[in-house]
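Asker: The structure under discussion is supplied below as C-alpha cells; questions concerning it will follow.
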Amino acid sequence: MIAYYDPFSDKHRKKIRRFRSGDDLVDGFINEEAGELHDLCAARTRLYFDTEDNLVGYFTLMPTTIKLSEQTRIQWELGTRRIIHPALHILYFGIHEEYKLRGYGRHMMRDIIHMARNFAVDIGCRCLVLEVKRDNNDAIAFYEKMEFVTIEEDEPYNKMALRIAPYTVEELELME
Ligand SMILES: CC(C)(COP(=O)(O)OP(=O)(O)OC[C@H]1O[C@@H](n2cnc3c(N)ncnc32)[C@H](O)[C@@H]1OP(=O)(O)O)[C@@H](O)C(=O)NCCC(=O)NCCS
C-alpha cells in the first residue's frame, strides 16, 4: 500500500540509486537528470513510498502545449477552433520491478489525473500527454487500461493522451 509521497530530494538518494523499473531511460533519468530539473522547477518529480518506506515508483511532470489535429479536436468535442491546447506532460513514469502489478501505477496515475483536473479548473488543461516507445508493450497496455489513446504514431515513440477536458469547470469541481 502507498503510505506517502515526497518531492524529489537528495535525502532519498540511496533508494533512488537502487531503483530499477526495467526501463533504462526511466532508471537513468531518476538518477542523472531528475534532481536538476526538479530544483530548477523545469519538471517536478514525485517519489512514492509504501508502508515499509520502500521507494515503489516515481513520476515526473511538466506543463506543455500540444497541437491537436482538427479530427481529434472534433472527436473530443473540444468546442474551440484553437489547435494549440494546454496539457500536462508525463515525462517519466515508473514502478520498481518488485512492486509491479500491485496497483501502484494506477494509484499514481489517479493522483496525476486529480492534479490535471485541478489545473483544468485553475489555469486550463485539456489533456495528459506522454510519449511511449512503440515496442514498450507493457507500458502501452498499462496506459490503455488507464484510458489513454494513441494520438500520433511515430518512430520510435508514439504519443498518447488522456482527455481531461471537455468537462466544464463546474463538472470538474463536482468530480472532486
Ligand atoms: C507500466 C508500469 C508503469 C505499470 O505499473 P504497475 O504498477 O505494474 O501497474 P498496475 O499494477 O497499477 O496496473 C494497472 C492496470 O494496468 C494493467 N497492466 C499493468 N502492467 C501491464 C502489463 N505489463 N500488461 C498488461 N496489463 C498491464 C494491470 O493489469 C492493471 O489493470 P487492472 O486494474 O484492470 O487489473 C510498470 O510496468 C513500469 O514501471 N514499467 C517500466 C517503466 C516504463 O516502461 N514506464 C513507462 C515509460 S513511457
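Naming scheme: A, B, ... for chains in displayed order of the C-alpha cells; residues 1 onward per chain; ligands 1 onward as shown.
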For the interface of chain A with ligand 1 (cut-off 9 Å, counting only C-alpha atoms and all ligand atoms), please tabulate each contacting residue of chain A alongside its nearest pair of atoms and their separation in Å to one decimal, rows sorted by chain and increasing number, as CSV.
Answerer:
```
residue,atom,partner,partner_atom_place_in_ligand_line,distance
A:Arg20,CA,ligand 1,41 (C),8.5
A:Ser21,CA,ligand 1,41 (C),4.7
A:Gly22,CA,ligand 1,41 (C),5.4
A:Asp23,CA,ligand 1,42 (C),5.0
A:Asp24,CA,ligand 1,42 (C),8.4
A:Leu25,CA,ligand 1,47 (C),8.0
A:Val26,CA,ligand 1,42 (C),6.1
A:Asp27,CA,ligand 1,42 (C),8.2
A:Val56,CA,ligand 1,7 (O),8.6
A:Gly57,CA,ligand 1,39 (O),7.4
A:Tyr58,CA,ligand 1,39 (O),8.7
A:Ile90,CA,ligand 1,48 (S),8.4
A:Leu91,CA,ligand 1,48 (S),7.8
A:Tyr92,CA,ligand 1,47 (C),6.0
A:Phe93,CA,ligand 1,45 (N),5.0
A:Gly94,CA,ligand 1,39 (O),3.4
A:Ile95,CA,ligand 1,39 (O),3.6
A:His96,CA,ligand 1,39 (O),6.2
A:Glu97,CA,ligand 1,39 (O),7.0
A:Tyr99,CA,ligand 1,7 (O),6.6
A:Lys100,CA,ligand 1,8 (O),3.4
A:Leu101,CA,ligand 1,11 (O),3.1
A:Arg102,CA,ligand 1,11 (O),4.1
A:Gly103,CA,ligand 1,12 (O),3.2
A:Tyr104,CA,ligand 1,7 (O),4.2
A:Gly105,CA,ligand 1,7 (O),3.4
A:Arg106,CA,ligand 1,12 (O),3.7
A:His107,CA,ligand 1,12 (O),6.4
A:Met108,CA,ligand 1,12 (O),7.9
A:Met109,CA,ligand 1,12 (O),8.2
A:Leu130,CA,ligand 1,48 (S),7.0
A:Glu131,CA,ligand 1,48 (S),6.0
A:Val132,CA,ligand 1,48 (S),4.3
A:Lys133,CA,ligand 1,48 (S),6.7
A:Asn136,CA,ligand 1,44 (O),6.3
A:Asn137,CA,ligand 1,23 (N),6.9
A:Asp138,CA,ligand 1,23 (N),3.5
A:Ala139,CA,ligand 1,1 (C),3.8
A:Ile140,CA,ligand 1,1 (C),7.3
A:Ala141,CA,ligand 1,25 (C),4.7
A:Phe142,CA,ligand 1,16 (O),3.9
A:Tyr143,CA,ligand 1,16 (O),7.0
A:Glu144,CA,ligand 1,16 (O),7.8
A:Lys145,CA,ligand 1,16 (O),5.2
A:Met146,CA,ligand 1,15 (C),7.0
```
Asker: Env of Leu78 (chain A): 12 Å cut, atoms = only C-alpha atoms, seq-sep filter 5 positions within chain, self excluded. Answer as an MDAnalysis selection string.
Answerer: chainID A and resid 68:73 83:85 125:127 163:168
Asker: Could you tell me how far CA of Leu88 (chain A) sits from CA of Asn54 (chain A), in Å to one decimal place?
Answerer: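 Between CA of Asn54 (chain A) and CA of Leu88 (chain A) the gap works out to 27.2 Å.
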Asker: Residues of region 18-161 of chain A in helix (DSSP H, G or I) according to DSSP, as a PyMOL selection string?
Answerer: chain A and resi 24-32+34-39+70-75+97-99+104-122+137-145
Asker: Which one of A:Thr45, A:Thr64, A:Thr150, A:Asn158 sits closest to Asn31 (chain A) if you count only C-alpha atoms?
Answerer: A:Thr45
Asker: Show me, as a PDB file with C-alpha atoms, in the first residue's frame, the residues that have an atom within 10 Å of Asp135 (chain A) when counting only C-alpha atoms, minus same-chain residues fewer than 6 positions from it.
Answerer:
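Now in out-v1.pdb:
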```
ATOM      1  CA  GLU A 155       9.167   6.055 -34.796  1.00  0.00           C
ATOM      2  CA  PRO A 156      10.392   5.168 -32.195  1.00  0.00           C
ATOM      3  CA  TYR A 157       7.779   6.879 -29.979  1.00  0.00           C
ATOM      4  CA  ASN A 158       4.001   7.030 -30.063  1.00  0.00           C
TER       5      ASN A 158
END
```
Asker: Let me make sure I understand: among A:Val129, A:Ala87, A:Leu61, A:Cys41, which one has the smallest atom-to-atom distance to Asp111 (chain A) if we use only C-alpha atoms?
Answerer: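 Smallest distance to Asp111 (chain A) is found for A:Leu61.
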Asker: If you run DSSP on the backbone here, which positions in region 68-122 of chain A get strand (DSSP E or B)? Please write them as an MDAnalysis selection string.
Answerer: chainID A and resid 84:95
Asker: Just the number, please: distance in Å from CA of Tyr48 (chain A) to CA of Lys159 (chain A), one decimal.
Answerer: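 Result for CA of Tyr48 (chain A) versus CA of Lys159 (chain A): 25.1 Å, one decimal.
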Asker: Pick out the closest residue to Met175 (chain A) from this set: A:Leu40, A:Asn118, A:Glu147, A:Gly35. Count only C-alpha atoms.
Answerer: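 Closest residue, counting only C-alpha atoms: A:Asn118.
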Asker: Using only C-alpha atoms, which residues sit within 10 Å of Gly28 (chain A) once same-chain residues fewer than 6 positions away are excluded, as an NGL selection string?
Answerer: :A and (17 or 19-20 or 34)
Asker: In Å, how far is it from CA of Asp122 (chain A) to CA of His38 (chain A)?
Answerer: 22.2 Å
